[in-house]
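Participant: What follows is target.cif, made up of mmCIF, C-alpha atoms:
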data_entry
loop_
_atom_site.label_atom_id
_atom_site.label_comp_id
_atom_site.auth_asym_id
_atom_site.auth_seq_id
_atom_site.Cartn_x
_atom_site.Cartn_y
_atom_site.Cartn_z
CA MET Y 20 74.68 -43.44 -229.61
CA ASN Y 21 71.33 -44.44 -228.16
CA ARG Y 22 69.85 -47.93 -228.07
CA LEU Y 23 66.07 -48.08 -228.07
CA THR Y 24 63.36 -50.70 -228.38
CA LEU Y 25 60.09 -50.39 -230.24
CA ASP Y 26 57.26 -52.74 -229.34
CA ALA Y 27 55.32 -53.38 -232.55
CA ARG Y 28 53.84 -56.68 -231.40
CA ASN Y 29 50.24 -57.48 -232.32
CA LEU Y 30 50.42 -55.01 -235.18
CA ILE Y 31 50.12 -56.26 -238.71
CA CYS Y 32 51.52 -54.95 -241.95
CA PRO Y 33 52.22 -52.11 -242.58
CA LEU Y 34 51.86 -50.78 -239.03
CA PRO Y 35 55.22 -52.13 -237.78
CA VAL Y 36 56.89 -50.25 -240.65
CA ILE Y 37 54.91 -47.08 -239.94
CA ARG Y 38 55.80 -47.17 -236.24
CA THR Y 39 59.47 -47.81 -237.13
CA GLN Y 40 59.42 -44.90 -239.57
CA GLU Y 41 57.89 -42.59 -236.93
CA LYS Y 42 60.45 -43.65 -234.34
CA VAL Y 43 63.45 -43.31 -236.64
CA GLU Y 44 62.35 -39.81 -237.61
CA HIS Y 45 63.34 -38.68 -234.10
CA LEU Y 46 66.60 -40.63 -233.86
CA ARG Y 47 70.10 -39.54 -234.76
CA ASN Y 48 72.74 -40.96 -237.03
CA GLY Y 49 74.27 -44.03 -235.38
CA ASP Y 50 71.39 -44.72 -232.98
CA GLU Y 51 70.21 -48.32 -232.82
CA LEU Y 52 66.61 -49.42 -232.71
CA GLU Y 53 65.37 -52.90 -231.91
CA VAL Y 54 61.87 -53.57 -233.24
CA LEU Y 55 59.82 -56.41 -231.74
CA CYS Y 56 57.05 -57.78 -233.97
CA THR Y 57 54.63 -60.66 -234.21
CA ASP Y 58 53.77 -60.24 -237.91
CA PRO Y 59 56.31 -62.35 -239.82
CA GLY Y 60 55.97 -59.97 -242.76
CA ALA Y 61 57.88 -57.38 -240.74
CA LEU Y 62 61.03 -59.45 -241.24
CA HIS Y 63 60.88 -58.48 -244.93
CA ASP Y 64 59.17 -55.13 -244.76
CA ILE Y 65 61.35 -53.39 -242.17
CA PRO Y 66 64.61 -54.40 -243.92
CA ALA Y 67 63.10 -53.24 -247.26
CA TRP Y 68 62.18 -49.92 -245.66
CA CYS Y 69 65.73 -49.64 -244.24
CA ARG Y 70 67.25 -50.44 -247.63
CA ILE Y 71 65.36 -47.69 -249.47
CA HIS Y 72 65.98 -45.13 -246.75
CA GLY Y 73 69.65 -45.96 -246.32
CA HIS Y 74 69.50 -47.35 -242.78
CA GLU Y 75 71.51 -50.39 -241.81
CA VAL Y 76 69.94 -53.68 -240.73
CA VAL Y 77 72.20 -55.06 -238.03
CA GLU Y 78 70.29 -58.23 -237.28
CA THR Y 79 67.02 -60.02 -237.91
CA GLY Y 80 65.78 -63.07 -236.07
CA GLU Y 81 63.29 -64.72 -233.81
CA HIS Y 82 63.39 -64.58 -230.04
CA ALA Y 83 60.87 -66.07 -227.60
CA GLY Y 84 58.16 -66.17 -230.27
CA ASP Y 85 58.72 -62.59 -231.39
CA PHE Y 86 60.41 -61.45 -234.56
CA VAL Y 87 63.21 -58.99 -234.00
CA VAL Y 88 64.77 -56.49 -236.40
CA ARG Y 89 67.71 -54.44 -235.13
CA LEU Y 90 68.66 -51.46 -237.24
CA ARG Y 91 71.21 -48.68 -237.13
CA VAL Y 92 70.02 -45.23 -238.18
CA ARG Y 93 71.93 -43.62 -241.00
CA LYS Y 94 71.13 -39.98 -241.64
CA LEU Y 95 73.08 -37.72 -243.93
CA GLY Y 96 72.23 -34.05 -244.31
CA ASN Y 97 68.67 -33.00 -245.17
CA GLN Y 98 66.66 -36.16 -245.50
CA THR Y 99 62.95 -36.51 -246.06
CA MET B 8 73.05 -25.91 -263.73
CA THR B 9 69.32 -26.64 -263.90
CA GLU B 10 67.65 -27.28 -260.57
CA GLN B 11 66.57 -30.89 -260.17
CA ARG B 12 62.82 -30.97 -259.71
CA LYS B 13 61.20 -33.19 -257.10
CA ALA B 14 58.06 -35.25 -257.42
CA ILE B 15 56.13 -37.24 -254.87
CA ALA B 16 54.52 -40.33 -256.43
CA LEU B 17 51.54 -42.16 -255.00
CA ILE B 18 52.69 -45.77 -254.82
CA SER B 19 50.01 -48.39 -254.31
CA GLY B 20 52.28 -51.32 -255.06
CA GLY B 21 50.43 -52.04 -258.31
CA LEU B 22 51.94 -51.83 -261.75
CA ASP B 23 50.48 -48.50 -262.89
CA SER B 24 51.94 -46.47 -260.06
CA MET B 25 55.29 -48.19 -260.54
CA LEU B 26 55.31 -47.31 -264.23
CA ALA B 27 54.27 -43.72 -263.57
CA ALA B 28 57.07 -43.21 -261.03
CA LYS B 29 59.59 -44.88 -263.32
CA MET B 30 58.63 -42.69 -266.31
CA ILE B 31 59.21 -39.53 -264.29
CA ARG B 32 62.37 -40.76 -262.60
CA ASP B 33 63.79 -41.63 -266.03
CA GLN B 34 63.36 -37.98 -266.99
CA GLY B 35 65.84 -36.94 -264.31
CA VAL B 36 63.30 -35.88 -261.71
CA HIS B 37 63.98 -36.78 -258.07
CA VAL B 38 61.07 -39.05 -257.15
CA GLU B 39 60.00 -40.29 -253.74
CA GLY B 40 56.97 -42.44 -253.07
CA ILE B 41 54.09 -42.06 -250.66
CA ASN B 42 51.59 -44.68 -249.59
CA PHE B 43 48.58 -44.27 -247.33
CA PHE B 44 47.38 -46.79 -244.78
CA THR B 45 43.62 -46.44 -244.36
CA GLY B 46 43.00 -49.67 -242.46
CA PHE B 47 41.05 -51.08 -245.41
CA CYS B 48 44.07 -52.18 -247.43
CA VAL B 49 43.77 -55.80 -248.50
CA GLU B 50 47.40 -56.65 -248.94
CA GLY B 51 49.40 -58.00 -246.08
CA HIS B 52 46.62 -58.40 -243.60
CA THR B 53 44.89 -61.55 -244.66
CA HIS B 54 48.29 -62.94 -245.64
CA ALA B 55 49.63 -62.12 -242.20
CA ILE B 56 46.66 -63.62 -240.39
CA ARG B 57 45.46 -66.71 -242.22
CA THR B 58 47.38 -69.96 -242.03
CA HIS B 59 46.77 -71.01 -245.64
CA ASP B 60 48.21 -67.74 -246.88
CA ARG B 61 51.51 -68.27 -245.09
CA LYS B 62 53.17 -69.66 -248.21
CA ARG B 63 52.54 -66.47 -250.16
CA PRO B 64 55.25 -63.85 -250.11
CA LYS B 65 54.94 -61.72 -247.01
CA ARG B 66 55.76 -58.34 -248.30
CA ASN B 67 54.21 -54.96 -248.46
CA ASN B 68 53.72 -54.39 -252.16
CA ALA B 69 54.27 -50.63 -251.99
CA LEU B 70 57.58 -51.13 -250.19
CA TRP B 71 58.53 -53.83 -252.61
CA ALA B 72 57.71 -51.56 -255.57
CA ALA B 73 59.76 -48.71 -254.09
CA ASP B 74 62.64 -51.10 -253.55
CA GLN B 75 62.48 -52.09 -257.24
CA LEU B 76 62.32 -48.47 -258.29
CA ARG B 77 65.10 -47.51 -255.87
CA ILE B 78 63.10 -44.65 -254.45
CA LYS B 79 62.25 -43.77 -250.88
CA LEU B 80 58.75 -44.62 -249.71
CA HIS B 81 56.89 -42.83 -246.96
CA ILE B 82 53.99 -44.83 -245.51
CA VAL B 83 51.48 -42.58 -243.81
CA ASP B 84 48.90 -43.64 -241.24
CA VAL B 85 45.62 -41.93 -242.24
CA ILE B 86 43.26 -44.24 -240.35
CA GLU B 87 41.53 -41.48 -238.38
CA LYS B 88 41.43 -38.90 -241.16
CA TYR B 89 40.07 -41.46 -243.58
CA LYS B 90 36.92 -42.04 -241.53
CA ASP B 91 35.27 -38.98 -242.99
CA VAL B 92 35.91 -40.28 -246.52
CA VAL B 93 34.20 -43.59 -245.70
CA LEU B 94 31.35 -42.17 -243.67
CA ASN B 95 30.53 -39.04 -245.66
CA PRO B 96 31.59 -39.46 -249.27
CA ARG B 97 30.60 -36.39 -251.27
CA TYR B 98 30.49 -38.39 -254.49
CA GLY B 99 28.87 -41.48 -253.02
CA TYR B 100 29.84 -45.12 -253.09
CA GLY B 101 30.60 -47.52 -255.91
CA ALA B 102 29.08 -50.98 -256.04
CA ASN B 103 29.76 -51.56 -252.33
CA LEU B 104 31.11 -49.17 -249.71
CA ASN B 105 33.93 -47.94 -251.93
CA PRO B 106 34.08 -44.14 -252.05
CA CYS B 107 36.63 -44.28 -254.90
CA LEU B 108 36.45 -40.69 -256.15
CA ASP B 109 36.52 -39.18 -252.66
CA CYS B 110 39.30 -41.59 -251.74
CA LYS B 111 41.48 -40.59 -254.65
CA ALA B 112 40.91 -36.89 -254.00
CA PHE B 113 41.71 -37.44 -250.31
CA MET B 114 44.95 -39.26 -251.04
CA VAL B 115 46.11 -36.73 -253.58
CA ALA B 116 45.26 -33.95 -251.10
CA GLN B 117 47.35 -35.71 -248.45
CA ALA B 118 50.19 -35.99 -250.96
CA ARG B 119 49.84 -32.28 -251.70
CA GLU B 120 50.25 -31.46 -248.01
CA TRP B 121 53.35 -33.66 -247.92
CA MET B 122 54.65 -32.01 -251.11
CA GLU B 123 54.23 -28.53 -249.65
CA ARG B 124 55.79 -29.49 -246.32
CA HIS B 125 58.87 -30.95 -248.00
CA ALA B 126 59.21 -28.40 -250.81
CA PHE B 127 58.58 -30.85 -253.62
CA ASP B 128 57.32 -29.57 -256.97
CA PHE B 129 54.58 -31.87 -258.19
CA ILE B 130 52.61 -35.06 -257.65
CA VAL B 131 52.58 -38.19 -259.80
CA THR B 132 49.86 -40.83 -259.87
CA GLY B 133 49.37 -44.01 -261.87
CA GLU B 134 45.83 -43.07 -262.87
CA VAL B 135 44.79 -44.13 -266.35
CA MET B 136 41.97 -42.39 -268.12
CA GLY B 137 38.95 -44.66 -268.51
CA GLN B 138 40.37 -47.44 -266.38
CA ARG B 139 38.00 -47.18 -263.44
CA PRO B 140 34.42 -46.07 -263.94
CA LYS B 141 34.07 -44.43 -260.54
CA SER B 142 37.22 -42.37 -260.38
CA GLN B 143 39.28 -42.39 -263.55
CA THR B 144 37.02 -41.25 -266.38
CA LYS B 145 37.87 -38.13 -268.36
CA SER B 146 35.23 -36.20 -266.44
CA LYS B 147 36.37 -37.47 -263.03
CA LEU B 148 40.12 -36.83 -263.32
CA PRO B 149 39.73 -33.03 -263.13
CA ILE B 150 37.56 -33.45 -260.03
CA VAL B 151 40.43 -35.20 -258.26
CA ALA B 152 42.82 -32.41 -259.27
CA ALA B 153 40.45 -29.70 -258.08
CA ARG B 154 39.14 -31.32 -254.90
CA SER B 155 42.66 -32.19 -253.78
CA GLY B 156 43.83 -28.63 -254.42
CA THR B 157 46.66 -29.84 -256.65
CA TYR B 158 45.25 -28.52 -259.94
CA ASP B 159 48.03 -28.48 -262.54
CA ARG B 160 50.67 -29.86 -260.20
CA LEU B 161 49.08 -33.30 -260.57
CA LEU B 162 50.66 -35.29 -263.38
CA ARG B 163 49.32 -38.61 -264.64
CA PRO B 164 52.22 -39.81 -266.81
CA LEU B 165 50.42 -42.86 -268.25
CA SER B 166 47.62 -40.79 -269.80
CA ALA B 167 49.26 -37.35 -269.89
CA LYS B 168 49.07 -36.86 -273.66
CA LEU B 169 45.30 -37.27 -273.52
CA LEU B 170 44.97 -34.58 -270.87
CA GLU B 171 45.66 -30.86 -270.67
CA PRO B 172 49.37 -30.10 -270.17
CA THR B 173 50.20 -29.72 -266.49
CA LEU B 174 52.67 -27.32 -264.88
CA PRO B 175 55.61 -29.79 -264.97
CA GLU B 176 55.02 -30.24 -268.71
CA ARG B 177 54.54 -26.56 -269.50
CA GLU B 178 57.61 -25.58 -267.51
CA GLY B 179 59.71 -28.26 -269.19
CA TRP B 180 60.42 -30.11 -265.93
CA VAL B 181 59.33 -33.20 -267.86
CA ASP B 182 59.11 -33.82 -271.58
CA ARG B 183 55.46 -34.33 -272.52
CA GLU B 184 56.50 -36.22 -275.64
CA LYS B 185 57.94 -38.98 -273.47
CA LEU B 186 54.71 -39.41 -271.51
CA GLY B 187 51.93 -41.88 -272.25
CA ASP B 188 48.61 -41.83 -274.06
CA ILE B 189 47.06 -44.88 -272.45
CA SER B 190 43.32 -45.08 -271.91
CA GLY B 191 40.80 -47.76 -271.06
CA ARG B 192 40.82 -50.98 -269.11
CA SER B 193 43.20 -53.00 -271.27
CA ARG B 194 46.49 -53.76 -269.55
CA LYS B 195 48.43 -54.61 -272.72
CA THR B 196 50.45 -51.41 -272.92
CA GLN B 197 51.31 -51.49 -269.24
CA ILE B 198 52.40 -55.14 -269.41
CA SER B 199 54.58 -54.35 -272.40
CA MET B 200 56.10 -51.35 -270.58
CA ALA B 201 56.74 -53.53 -267.53
CA GLN B 202 58.64 -55.98 -269.71
CA ARG B 203 60.64 -53.15 -271.24
CA TYR B 204 61.54 -51.79 -267.80
CA GLY B 205 62.40 -55.26 -266.52
CA PHE B 206 59.64 -55.42 -263.91
CA LYS B 207 59.24 -59.17 -263.69
CA ASP B 208 57.03 -59.50 -260.67
CA PHE B 209 54.40 -56.98 -259.71
CA ALA B 210 51.18 -56.97 -257.74
CA GLN B 211 47.97 -57.23 -259.75
CA PRO B 212 45.21 -56.98 -257.19
CA ALA B 213 42.04 -58.29 -258.86
CA GLY B 214 39.10 -56.09 -257.94
CA GLY B 215 41.24 -53.47 -256.31
CA CYS B 216 43.30 -53.32 -253.17
CA CYS B 217 40.62 -52.13 -250.78
CA PHE B 218 38.22 -54.15 -248.62
CA LEU B 219 35.53 -51.54 -249.19
CA THR B 220 35.10 -52.88 -252.74
CA ASP B 221 34.33 -56.34 -251.33
CA SER B 222 30.62 -57.12 -251.04
CA TYR B 223 31.07 -59.47 -248.07
CA TYR B 224 33.15 -56.95 -246.20
CA ALA B 225 30.68 -54.15 -246.97
CA ALA B 226 27.81 -56.32 -245.66
CA LYS B 227 29.69 -56.82 -242.39
CA MET B 228 30.35 -53.11 -242.11
CA ARG B 229 26.66 -52.28 -242.66
CA ASP B 230 25.72 -54.90 -240.09
CA LEU B 231 28.08 -53.28 -237.60
CA TRP B 232 26.49 -49.89 -238.11
CA ARG B 233 22.97 -51.30 -237.92
CA SER B 234 23.64 -53.20 -234.71
CA ARG B 235 25.18 -50.18 -232.99
CA GLY B 236 22.70 -47.68 -234.40
CA ASP B 237 25.62 -45.50 -235.39
CA ARG B 238 27.55 -45.11 -238.64
CA ASP B 239 31.00 -45.05 -237.12
CA TYR B 240 33.91 -47.40 -236.53
CA GLU B 241 37.13 -47.85 -234.61
CA PHE B 242 40.31 -49.33 -236.03
CA ASP B 243 39.79 -52.63 -234.19
CA ASP B 244 36.32 -52.92 -235.73
CA ILE B 245 37.57 -52.73 -239.27
CA MET B 246 40.40 -55.13 -238.56
CA LEU B 247 38.04 -57.69 -237.05
CA LEU B 248 35.71 -57.46 -240.05
CA LYS B 249 38.56 -58.98 -242.07
CA VAL B 250 38.82 -62.02 -239.83
CA GLY B 251 36.72 -65.12 -239.17
CA ARG B 252 33.12 -66.11 -239.66
CA HIS B 253 30.71 -63.51 -238.33
CA LEU B 254 27.43 -64.82 -236.94
CA ARG B 255 24.72 -62.70 -235.39
CA PRO B 256 22.08 -64.81 -233.63
CA LYS B 257 20.47 -61.68 -232.09
CA PRO B 258 20.74 -58.00 -232.96
CA HIS B 259 22.61 -57.15 -229.75
CA TYR B 260 25.56 -59.52 -230.10
CA LYS B 261 27.59 -61.37 -232.66
CA LEU B 262 30.29 -64.00 -232.68
CA ILE B 263 33.53 -63.87 -234.61
CA VAL B 264 34.72 -67.45 -235.04
CA ALA B 265 38.27 -68.12 -236.26
CA ARG B 266 38.66 -70.21 -239.42
CA ASP B 267 42.17 -71.51 -238.84
CA ASN B 268 45.08 -71.38 -236.42
CA GLY B 269 46.36 -68.15 -237.88
CA GLU B 270 43.04 -66.48 -237.08
CA ASN B 271 43.00 -68.14 -233.63
CA HIS B 272 46.33 -66.50 -232.92
CA PHE B 273 45.12 -63.16 -234.22
CA LEU B 274 41.86 -63.21 -232.24
CA ARG B 275 43.71 -64.12 -229.03
CA GLY B 276 45.35 -60.72 -229.35
CA TYR B 277 41.91 -59.24 -228.58
CA ARG B 278 41.15 -61.42 -225.57
CA ASN B 279 41.47 -58.55 -223.10
CA ARG B 280 38.98 -56.43 -225.00
CA TYR B 281 36.25 -58.96 -225.81
CA THR B 282 34.57 -61.85 -224.07
CA HIS B 283 35.99 -64.90 -225.80
CA LEU B 284 35.20 -68.57 -225.99
CA GLN B 285 37.12 -71.74 -226.60
CA ILE B 286 36.38 -75.43 -226.29
CA ASP B 287 38.75 -76.96 -223.73
CA ASP B 288 38.54 -80.65 -224.51
CA HIS B 289 38.68 -80.61 -228.31
CA PRO B 290 40.75 -78.65 -230.81
CA GLY B 291 38.77 -75.82 -232.29
CA PRO B 292 38.40 -72.15 -232.91
CA VAL B 293 38.66 -69.11 -230.69
CA ALA B 294 35.50 -67.02 -230.84
CA LEU B 295 35.09 -63.41 -229.78
CA VAL B 296 31.79 -62.00 -228.61
CA ASP B 297 30.96 -58.50 -229.76
CA GLY B 298 28.03 -57.15 -227.76
CA ASP B 299 26.40 -58.02 -224.49
CA PRO B 300 24.67 -61.41 -224.51
CA SER B 301 22.84 -62.93 -221.53
CA LEU B 302 24.04 -66.15 -219.91
CA GLU B 303 21.61 -68.19 -222.01
CA GLU B 304 22.89 -66.45 -225.13
CA LEU B 305 26.49 -67.15 -224.09
CA LYS B 306 25.55 -70.82 -223.86
CA LEU B 307 24.25 -70.65 -227.39
CA ALA B 308 27.46 -68.89 -228.43
CA ALA B 309 29.43 -71.78 -226.92
CA ARG B 310 27.32 -74.33 -228.82
CA ILE B 311 27.95 -72.40 -232.04
CA THR B 312 31.69 -72.25 -231.34
CA ALA B 313 31.71 -75.99 -230.67
CA ARG B 314 30.05 -76.60 -234.05
CA PHE B 315 33.20 -75.35 -235.78
CA GLY B 316 35.61 -77.48 -233.73
CA LYS B 317 36.74 -81.08 -233.83
CA GLY B 318 34.24 -82.00 -231.12
CA ARG B 319 31.25 -81.03 -233.25
CA GLU B 320 29.79 -84.55 -233.13
CA ALA B 321 30.52 -85.15 -229.42
CA ASP B 322 27.62 -85.59 -227.00
CA ALA B 323 28.93 -82.65 -225.01
CA VAL B 324 32.05 -80.49 -224.87
CA ARG B 325 33.56 -78.27 -222.20
CA ALA B 326 33.40 -74.61 -223.17
CA ARG B 327 35.48 -71.96 -221.47
CA ILE B 328 34.03 -68.45 -221.54
CA SER B 329 36.48 -65.73 -220.53
CA ARG B 330 35.01 -62.33 -219.81
CA ARG B 331 36.70 -58.99 -220.22
CA ASP B 332 36.94 -58.59 -216.44
CA GLY B 333 39.04 -61.76 -216.23
CA THR B 334 36.32 -64.01 -214.77
CA GLU B 335 35.78 -67.37 -216.42
CA LEU B 336 32.84 -69.66 -216.84
CA LEU B 337 33.10 -73.37 -217.63
CA LEU B 338 30.07 -74.94 -219.24
CA SER B 339 29.22 -78.33 -220.62
CA VAL B 340 27.36 -77.74 -223.85
CA VAL B 341 26.00 -79.79 -226.73
CA PRO B 342 27.47 -78.59 -230.03
CA LEU B 343 24.91 -77.42 -232.54
CA ARG B 344 24.36 -80.14 -235.09
CA LYS B 345 24.59 -79.95 -238.83
CA GLY B 346 21.87 -77.69 -240.18
CA GLN B 347 21.16 -76.07 -236.81
CA ILE B 348 22.90 -72.81 -237.62
CA PRO B 349 20.42 -70.76 -239.64
CA GLN B 350 21.92 -69.18 -242.72
CA ALA B 351 20.40 -65.87 -241.63
CA TRP B 352 22.83 -65.72 -238.71
CA TYR B 353 25.79 -65.41 -241.06
CA VAL B 354 26.66 -61.78 -241.62
#
Show how you would write the structure in this file as structure tokens.
Facilitator:
Amino acid sequence: MNRLTLDARNLICPLPVIRTQEKVEHLRNGDELEVLCTDPGALHDIPAWCRIHGHEVVETGEHAGDFVVRLRVRKLGNQT
Amino acid sequence: MTEQRKAIALISGGLDSMLAAKMIRDQGVHVEGINFFTGFCVEGHTHAIRTHDRKRPKRNNALWAADQLRIKLHIVDVIEKYKDVVLNPRYGYGANLNPCLDCKAFMVAQAREWMERHAFDFIVTGEVMGQRPKSQTKSKLPIVAARSGTYDRLLRPLSAKLLEPTLPEREGWVDREKLGDISGRSRKTQISMAQRYGFKDFAQPAGGCCFLTDSYYAAKMRDLWRSRGDRDYEFDDIMLLKVGRHLRPKPHYKLIVARDNGENHFLRGYRNRYTHLQIDDHPGPVALVDGDPSLEELKLAARITARFGKGREADAVRARISRRDGTELLLSVVPLRKGQIPQAWYV
């Protein structure tokens, strides 16, 4: 399992989601990704994206002025 | 066992695309959504930036719609590719800088590429015949199908019965009888369908979801082109056109002055790329300088910035000018007084 961080600060909706989507595309089942954002909307959008794509949101919160979403990649078989 | 067909649905986050995707999903087709980020999308950005919009729900409407529909949504960054649509629209602009017909054909073409890459069978859109004069008339719908290269693999479920049967209908992948015959600008049928499907809350963007339809935004874009002598733009340009008051005292520079703390915060994110100003001894806005003003012009820029701060009536205020190279200049300036900013400076 890999643990990675994605810096999506100073990006506004929907770019944090797009960057997350691009990053996750290259990750494996079980990998964890921590996304750092400054757009508060990302706290809703990234979990919504995870929900519809079947990934697991491990944690959301605020740290040192940044919003943080930690997710665990879930990939089963041939996924788009 | 019959093979389950797959459709990719363009999801804007508005009601029509939700209904279209739902109608096809209800017929047993595997549906996934696709949404394109051009940089001109209204939703999210002003909400994310401006302080007074903070109470509104911070959500991406396309994602929210997909979540309601329980379908996957793929958001695609088309910022660079979209430039050609904006700068060279084959079918021209609408009332402002909105290249609606070219835009629709572009997006459907992008969806077609996605469809082919992922072995999906057809494309679904929420287009309604007669709803939009620039892109959704009976004569314009076939143009979108042809220009995008989708031809009869493009299904518009809401108006399908008023159009020629498409491949998914002819092949029996979907039942044409269960599709719609909606036309025109009335929303009654769609609202009634939304109630039937249990969609309680859906985005209804008045005047569209694109800044290019906005006359103020289009004026700022034209001003940008005129001042640079070049019809082109970078992503940061189009983002900054959404933010602040834009004032151009001289053709070779303009000021972008924040309107609230949310915009102050946003503009500070650009402080390494633009000369920026702030008044040190009174609360007030951050202002970015786009262009290359002289020292005297920077002083005027500081006086303008001071006009929009709490020290606007002070005898003098201390302005801090921070250049891109990191050097700073502190000036004592007299804020411009009421009526001293000519209306013609406002872009």
Participant: Give one line per residue of range 19-47 of chain B that approaches range 237-249 of chain B to at most 12 Å, naming the two atoms of the closest pair and their distance in Å to one decimal, counting only C-alpha atoms; sort by chain then ascending residue number and deliver it as a Markdown table.
Facilitator:
| residue | atom | partner | partner_atom | distance |
| --- | --- | --- | --- | --- |
| B:Phe44 | CA | B:Phe242 | CA | 11.5 |
| B:Thr45 | CA | B:Phe242 | CA | 9.4 |
| B:Gly46 | CA | B:Phe242 | CA | 7.0 |
| B:Phe47 | CA | B:Ile245 | CA | 7.2 |
Participant: For the provided coordinates, the residues matched by the PyMOL selection byres ((chain B and resi 8-22) around 7) should be stated as a VMD selection string.
Facilitator: chain B and resid 23 to 26 28 36 to 42 68 to 69 72 122 127 to 132 180 209 to 211
Participant: Can you list every residue of chain B that has an atom at most 8 Å from chain Y, with its nearest atom pair and the distance in Å to one decimal, using all atoms listed in the file, ordered by chain then number, as JSON lines?
Facilitator:
{"residue": "B:Phe44", "atom": "CA", "partner": "Y:Pro33", "partner_atom": "CA", "distance": 7.5}
{"residue": "B:Gly51", "atom": "CA", "partner": "Y:Cys32", "partner_atom": "CA", "distance": 5.6}
{"residue": "B:His52", "atom": "CA", "partner": "Y:Cys32", "partner_atom": "CA", "distance": 6.2}
{"residue": "B:Ala55", "atom": "CA", "partner": "Y:Asp58", "partner_atom": "CA", "distance": 6.3}
{"residue": "B:Lys65", "atom": "CA", "partner": "Y:Gly60", "partner_atom": "CA", "distance": 4.7}
{"residue": "B:Arg66", "atom": "CA", "partner": "Y:Gly60", "partner_atom": "CA", "distance": 5.8}
{"residue": "B:Asn67", "atom": "CA", "partner": "Y:Asp64", "partner_atom": "CA", "distance": 6.2}
{"residue": "B:Leu70", "atom": "CA", "partner": "Y:Trp68", "partner_atom": "CA", "distance": 6.6}
{"residue": "B:Trp71", "atom": "CA", "partner": "Y:Ala67", "partner_atom": "CA", "distance": 7.1}
{"residue": "B:Ala73", "atom": "CA", "partner": "Y:Ile71", "partner_atom": "CA", "distance": 7.3}
{"residue": "B:Asp74", "atom": "CA", "partner": "Y:Ile71", "partner_atom": "CA", "distance": 6.0}
{"residue": "B:Arg77", "atom": "CA", "partner": "Y:Ile71", "partner_atom": "CA", "distance": 6.4}
{"residue": "B:Ile78", "atom": "CA", "partner": "Y:Ile71", "partner_atom": "CA", "distance": 6.3}
{"residue": "B:Lys79", "atom": "CA", "partner": "Y:Ile71", "partner_atom": "CA", "distance": 5.2}
{"residue": "B:Leu80", "atom": "CA", "partner": "Y:Ile71", "partner_atom": "CA", "distance": 7.3}
{"residue": "B:Ile82", "atom": "CA", "partner": "Y:Ile37", "partner_atom": "CA", "distance": 6.1}
{"residue": "B:Val83", "atom": "CA", "partner": "Y:Ile37", "partner_atom": "CA", "distance": 6.9}
{"residue": "B:Asp84", "atom": "CA", "partner": "Y:Ile37", "partner_atom": "CA", "distance": 7.0}
{"residue": "B:His125", "atom": "CA", "partner": "Y:Thr99", "partner_atom": "CA", "distance": 7.2}
{"residue": "B:Phe273", "atom": "CA", "partner": "Y:Asn29", "partner_atom": "CA", "distance": 7.9}
{"residue": "B:Gly276", "atom": "CA", "partner": "Y:Asn29", "partner_atom": "CA", "distance": 6.6}
Participant: Please dump the current selection as an mmCIF file, keeping the file's coordinate frame; keep C-alpha atoms.
Facilitator:
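The resulting file, again_25.cif, is shown below:
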data_model
loop_
_atom_site.group_PDB
_atom_site.id
_atom_site.type_symbol
_atom_site.label_atom_id
_atom_site.label_comp_id
_atom_site.auth_asym_id
_atom_site.auth_seq_id
_atom_site.Cartn_x
_atom_site.Cartn_y
_atom_site.Cartn_z
ATOM 1 C CA PHE B 44 47.380 -46.790 -244.780
ATOM 2 C CA GLY B 51 49.400 -58.000 -246.080
ATOM 3 C CA HIS B 52 46.620 -58.400 -243.600
ATOM 4 C CA ALA B 55 49.630 -62.120 -242.200
ATOM 5 C CA LYS B 65 54.940 -61.720 -247.010
ATOM 6 C CA ARG B 66 55.760 -58.340 -248.300
ATOM 7 C CA ASN B 67 54.210 -54.960 -248.460
ATOM 8 C CA LEU B 70 57.580 -51.130 -250.190
ATOM 9 C CA TRP B 71 58.530 -53.830 -252.610
ATOM 10 C CA ALA B 73 59.760 -48.710 -254.090
ATOM 11 C CA ASP B 74 62.640 -51.100 -253.550
ATOM 12 C CA ARG B 77 65.100 -47.510 -255.870
ATOM 13 C CA ILE B 78 63.100 -44.650 -254.450
ATOM 14 C CA LYS B 79 62.250 -43.770 -250.880
ATOM 15 C CA LEU B 80 58.750 -44.620 -249.710
ATOM 16 C CA ILE B 82 53.990 -44.830 -245.510
ATOM 17 C CA VAL B 83 51.480 -42.580 -243.810
ATOM 18 C CA ASP B 84 48.900 -43.640 -241.240
ATOM 19 C CA HIS B 125 58.870 -30.950 -248.000
ATOM 20 C CA PHE B 273 45.120 -63.160 -234.220
ATOM 21 C CA GLY B 276 45.350 -60.720 -229.350
#
Participant: Could you state which residues are captured by the PyMOL selection byres ((chain Y and resi 54) around 9) in this file, as a list of chain:residue names?
Facilitator: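 Selection result, ordered by chain and number: Y:Leu23, Y:Thr24, Y:Leu25, Y:Asp26, Y:Ala27, Y:Arg28, Y:Pro35, Y:Thr39, Y:Leu52, Y:Glu53, Y:Leu55, Y:Cys56, Y:Ile65, Y:Phe86, Y:Val87, Y:Val88, Y:Arg89, Y:Leu90.
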Participant: Just the number, please: distance in Å from CA of Arg194 in chain B to CA of Arg163 in chain B, one decimal.
Facilitator: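 CA of Arg163 in chain B lies 16.2 Å from CA of Arg194 in chain B.
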Participant: For a cut-off of 7 Å around (39.7, -66.0, -223.4), file coordinates, pick out all residues using only C-alpha atoms and list them as a list in words.
Facilitator: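 The residues that fall inside the cut-off are Arg278, Thr282, His283, Leu284, Ile328, Ser329 and Arg330 of chain B.
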